[in-house]
Structure formats: C-alpha cells, structure tokens
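What follows is a set of notes on a single structure, which appears directly below.
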Number of protein chains: 2
Amino acid sequence: MYSYSIQRALEKNKIEIGDRILIKKAKISYEGILMPRSEIGNPNALVIKIDSGYNVGLLYDKNTKLKKSHQKSSRALKEENEIELGKIRKELLNITFDSKKDPISLISVGGTISSRVDYKTGGVTGIMNPKEFLHNVPELQDIVNIKTIKRPFNKMSEDMNPKDWQIIAKVCEKELNKDIKGVIITHGTDFLHYTSAALSFMLKNLGKPVVLMGAQRSPDRGSSDTGFNLICSSYAAISDIAEVGICMHGTTNDDYCLFNRGTRVRKMHSSRRDAFRPINDLPLAKIFPNGKIEPINKFHTRTNSKVKADTKFEPKVAILKAYPGSDPELIDFYVENGYKGLIIEAGALGHVPTNSEISWIPHLKKAIKSGVFVGTTTQCLYGRVNSDVYSNLRILYHDINAVPLEDMLTETAYVKLGHVLGHTQNLEEIKKDMLTNYAGEISKRSLRETFLY
Amino acid sequence: MYSYSIQRALEKNKIEIGDRILIKKAKISYEGILMPRSEIGNPNALVIKIDSGYNVGLLYDKNTKLKKSHQKSSRALKEENEIELGKIRKELLNITFDSKKDPISLISVGGTISSRVDYKTGGVTGIMNPKEFLHNVPELQDIVNIKTIKRPFNKMSEDMNPKDWQIIAKVCEKELNKDIKGVIITHGTDFLHYTSAALSFMLKNLGKPVVLMGAQRSPDRGSSDTGFNLICSSYAAISDIAEVGICMHGTTNDDYCLFNRGTRVRKMHSSRRDAFRPINDLPLAKIFPNGKIEPINKFHTRTNSKVKADTKFEPKVAILKAYPGSDPELIDFYVENGYKGLIIEAGALGHVPTNSEISWIPHLKKAIKSGVFVGTTTQCLYGRVNSDVYSNLRILYHDINAVPLEDMLTETAYVKLGHVLGHTQNLEEIKKDMLTNYAGEISKRSLRETFLY
C-alpha cells in the first residue's frame, strides 16, 4: 500500500492503480501508468511505468502535483487494444507469404516475443496469438515464405525443462525434413542458451540453419527488438550456415545481429538488447538487416542430409558451484537422490576446496566410485580448466578421476552430460564423449579476441 | 602409463619422467620437462611442460626422435634451485627498505604468487618463503618502505573459507591502525574476489587503501605477472584511493593495472593476466607502473579514521543456481541443514522455474516462511534483477517475498549475506541491509560502458 498522503492524493484526483497519470514535481513532468507500490520501495514514492516500459519511482511531497493524463486511461487503452487485437486476428487470417520467396518454418514456444504489456498492472504477460508478431513486421514478406507456423507450447523460458527441449527437437526434425530452407524458433531469452545447446546435440546430421531468437522488449513496445531480430533471423534461416545458433542484436543499435553458435553463447546481460555474447568462440557471422552476411567463424554449410532428432536425455544431472564455504554434503545429496552426473562450476583452472578444512575431495571420490560422472568447468566463463598446473588440480583430476571439460561452458556441459548419459552409463564412454567435440562446444585453443567479445 | 613404444624409446634414451628432453618431429624441435602421461590423453602422446609453463602433447611415431636436453636435468635444476633459494634467504635477511619512502604493510596469505614450479612434476606448488617475491622486484624499494610483512597462513585460495577472511580482516585492522599508508595483500587468485568482497564489508571506517593482488603465473617463471602487479599495487597502496580493491593487469601487456572495487570485481578468465574485470561498474583507476594514477570512477579518499574489523559472519549461507531441470529439493536440503540465507543465481531479470512442471515457488515459500532469507542475483552477471516486469517475477518477489538484489554480483551478495546474518536474524532488517549500498556493491543505474569492460 502507498503511504496515507499518497492514498489521499490519489483519491482526491480520482486516480486508480493502472490509470495513466501526470506527475509534476519541481517543474518536471512525468507521465506513465500508476503501478502498485513496490514492496521493497518507499511507501511514500509513487511508481509509474513510463512508455519505455521501465518503472520510475518518485518521492511524493507536498509540492508534488498529480492528475490523470489527458491521454487515454488504461481501461480505454485496454479496450482499444482488444479492438486492435480483433482486427489483427482477422488480418492474420489473410496474411499470405510470397511462394517465390525461400520457404521456412517458424516454431513459436513463448517468451517475451510472444507477450504483451498488461495495461492494468503494467507488467508483461504471455497472452499473444503466436502469429501476432508477424503482423508487426511486414518486411518478412519480402524475405521469406513462412510456410508453417508451429506452436508446440507457450512458456516463458524459466518454466521450460529438458522435456521441452525434446519436444522442440522433434518438431524441428519434422519441419527440417520438409522442403524448407531453415527454421526459426521464437523463444524466451532467459534460458534460451540452454535450449540452443540442447538442440545442438539432439539434431544429428543437421544440414540447414536452426535459428533461435527472442526479444528483450515485448513486441507491442516502441523499443521492441522483435522486428529487427526477426528480419536478421530470417536471413540467417535461408543462409548457408547449417548450424543451431542464436540470432539477436549485436549492439544496442539496429546495426546487425550476431548469429552465435548454440553451444558457445550465453545471455550476459539481464536487459540489454545485445545480451547474447559468444564465450570462448567468435560469432558464426554478423547478419545485417539488408541481408548481408559477414562470416566471422568456421561453420558447417548446407547439405541435403536428413535430420534425425536424437532426444534421449537423462534428467538426473545437476550443476554445482564450488566457492569458499560451499557445502560438499550437497554432493552426497545428489548421489543419494540417484543423480548420474554432476557438472562442477569450479574456480578458474578447475579448483574445488581440496586441502581445506572442509574438502570436497572425499565427497567427490565417493560419488565417482559409486558411478557418478563428475566433470568441471570454469566459473570464470572465459578460458579453460586444466588438469596439471597445480598440485590441487592433480589430486582432483589424476587421483580421483574427475574430468576437466576443457573450455566448455557450464550450461553446455550440463546439457551435453544429460544427452550423453541418455546413451551410456559407462564412465569411460561418458568421459570420451564429454571430451569429444560434437557441436563446436570444445576447442583446443581460444583466440585472444574472444575474451569479452 | 605411456604406450609401450614410448616406454621403450624412453628407456633406450635413458630418459625418466621429470627429465628435460628434446623431441624432434617433422623437422620441428620441442623442448621441455617430460611429464607423466595425462590420464585423459592418448597413451601414445608425449606430454612435456614447455618453459612458458604450459603442457604440450606430441603424438609419438616412428619418426619421432627423443633425447635428453643439453640443458640441465630436472634434478640438477632442482639442486641449483635449492642453492639459489639458500642464497635468496640469506639476502632476504639483509633486505632493507628506505625509511624515507611511504611505509606500507604486506600481508601474504598464499596463492600462485607464493608458489614455485616443482621441477620434478612440472606443476606448481606453494612452498615459497613469503619474502621471496620481493627479492625479484627490487623496484619496490624505490616506491615504498615495506615496514611489516605478515603471513597469517599460506593457502591456495580454493582452500580458504570464511574463517580466513576473518583472520585477514583482523590482521588488516592491526596493520592499518599503525603509522602506514596502506596495505598490500598477496593472495591466490581463483577466489580472490570473494575475499575482496568480505574485506569490503568487514573493514569499517576504512581510511586507507587495502590492495589485494596475486599472480596468474608463479614468480619464478619468465612470464610472471608478479613484479608488474606488485609495482602497481604499491602505488595503489600509497594512493588516495581509500578502498578495498584488486589491483592486477588491465591488459595482456604490461601497460597498466586496473584497481577494481572489491565488491564489483570478478575473475573472468581462467588464465589470462588481465582476468580481473569490473562488473556493472567501472574500475576505480588505472595504475601505471611509473606511478601515474588515472581515476576512472568515484572513490573514498584517505581519512584519519581508525579502522574497525567487524568480522561477525554466519557461515550457514549458500549460493544456488536456477536452471532448466534444476532440483528445488535442494532448497529443502539447505533449510533442513540449518541454513539461514540463500542467494539464488536466477535467470536474467531474476527468474526461477515458476509455472513449470517442477516449480521452485512452493519450496522457496516454505523456506522464507521458516525464516530463511532468500535473495536473487542475475546469472547473466551484467545487469540487474527486477521485481516487476513479468508476472513470474511478481509471484517470486511480491507473493512470496524473495528479495531481488539489484545489480549486486552473486559472489558479493553471498559474502554480504553472511556478514549481515552475523549481525541480525530479523528478516526485515536483513532485507533492508541487503538493499543498502555499504561498499559500492549496489548502484541505481549502470553506465553503458561497464558492459564487457
């Protein structure tokens, strides 16, 4: 609840939560949708959602003037929206693509790109017709012929789990084996790079582009990155880059998108449009909105091979982080709960607490002896783990046989381990598979310029 | 064990593991110390540690020629080393600093900077006299007067735990309240940023610089960064920057060091010398080896206040990572084991699996109801968590009262939570303290140029 003085001012001006209001304070005017009080905020601060989509908090004092905006109220906006939506839905029925353009399939599974602002709370919620975002990007009709739109489910990416990767892989298999040039998958962004890693391993004999993308701002916002990312992704989907990758803004401007390899990409910023960055690798290519493609890295090119979705996956795998004071009994917890594999986000070159008061070594030794695969990655993100430089490393990697997973990303190693364990439970085979480069996830040397790219 | 053909070749040439050897293959010569076979490597590949400290694997075939190097054997080198060490120890007794230079204290707690190459295995092990690295950097005598050298313990940073932070803080307090300008702490680098965060919170009323540093290559290697980092750190320790920070290479060249705020810095590469980067903040300053200091950020300047080490710390805190397929029973594990606080490395804006098949929400709700503090940070590293934009976020932050910890680093939030819980167990007080900026760990806005700095 807002403070009593704010409540009084709202009542006096007949303002309700969700109304669009004007606030005048020290000669500056602010306009936006009045939000419920933020629970962690000052009760005497008004919170409004401004048109960029961000919330602004303004301390209320006796000189603060409030009034309803001359612009439409949230209710009117909402109603208008509904009418607009109805129109769009009608128009969508009539959307046709040019059959002379390159055919692609679009798979929509949810996320911000399938969301719209809820004008009552000002938040974003996933309620959009899967075709809606196409309506806002008429340019697509000049680039591709979207022959099929599939919507196997509609989830935010934080609500997805390995079963969803399997579903997407199956849909991809079906679509890719049709007469199309490639696939675009519109997806939530928070955990998008887990899905891109999963598809990288699950789609065997890939001969066409599989372009994952999403948006950092919902499509009904002026600042949305939906259109730009969709345009670049369309060019990626008809390109010669027959890889699973993520195609989103490369800079905060509308310069180009980066098409990053699915096993080497990570969301590195919670809100910037250029959040997806390559780790220990260069992007596959820059893709410009005019269709120009600037290759930066090696990649597989188009073939006529038939794709096979190999979706076997052992879900009893987990990521653990090693840090000062971390509790190694967690390892026992996982072993007791039937986990088959653990990826340890270790310190720098691959360290866990070893000669410390509370050592991880006896717990890991027990886990490995009982048949659990233990691999390590670096929590630095950039660089690689090493089994030899320090004595503590030799204890972990030579004495008790944990496996340092080179320069693989933690997320990728986790997904890969589930995939590998879906096929074998033999520790030696798992080790061999984990250290074999199947989808660009491991390299022997990293280029200097990949650091903080 | 190496393959039989390698064993035979070694025997024939009277080469043992640990010997310095020459390998000639396809007209190229390689020289280094013969290492035991890497467990994960090909048994038919010779592994040698070359002079840069890195291991190289070379496939052995019938055209590969092996011989002992004309240079000294590892045994001779080792003996020579012992003699050299003896000399150094003698000389160290006589090292004197110029009493006209600014006085500082040096606290040595271990790490690579206190290590040397073990010529038998080629690995690095921590056996050095804490004064030894000063011997290799005579330039220090022209910059500072190291009045005291303290060595409270000697550990690699992965073997440290919160108790060690308390010990260091106490030693710092004692030293800083002497007539000195600042303190340098030489430390292992893997988990150095946890210690820098801990000291940032524990050292109250800090009026002098506390400069943490280490090395990515041990001091007895030609390529060591020890000297350069020590020189810049000495200038930092006598500067006006009265902050806890990490001072190490800013680039891979010997251009300058970055002095990064202790709560805003992270090891971002497992092996590069310029691995320590600021996150969501600019460095405090560039420090050049000629003593030039280029401020980049705001910082506290020197005061005469008496430092107080407030080392109360609740060790029952943990970091959890949320990811697709992550097991929320882990939360129950922590609650059942008496944990008082959890930091969740959440997806992007602060998401955990919410409307998913296996939701984290009921588990977190139970934990919070039982009095456990739950805060979230972003696993993107850059950017901040947000409590409002999406419906799933509102469930987590408004319905069940988890606390989004702004743009705080996971590591910093973990250390801060232990510190805060050492002082209060009241959830409202903890929340207030966690959201109060005490040591530069939170900012309301991040500058654009901080991304991937």
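Ligands are numbered from 1 in the order shown, chains are lettered A, B, ... in the order of the structure tokens, and residues start at 1 in each chain.
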
Compile the residues of chain B that lie within 7 Å of chain A, evaluated using only C-alpha atoms, and express the compilation as a PyMOL selection string. chain B and resi 39+123-125+158-162+190-191+267-271+318+324-326+347-349+351-356+378+380-384+388-391+398+452

For Asp61 in chain A, which of A:Met434, A:Ile33, A:Leu396, A:Lys24 is the closest residue, counting only C-alpha atoms?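 Under the stated criterion, the closest residue is A:Lys24.
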
Please return, as a PyMOL selection string, all residues of range 244-339 of chain A that DSSP assigns to strand (DSSP E or B) on the basis of the backbone. chain A and resi 244-249+257-261+265-267+269+276-278+285-287+293-295+301+308-309+317-321

Neighbour list for His187 in chain A as JSON, numbers by chain, cut-off 9 Å, only C-alpha atoms, skip fewer than 3 positions in-chain: {"A": [107, 108, 109, 110, 111, 112, 113, 114, 154, 155, 156, 157, 192, 212, 213, 214, 215]}
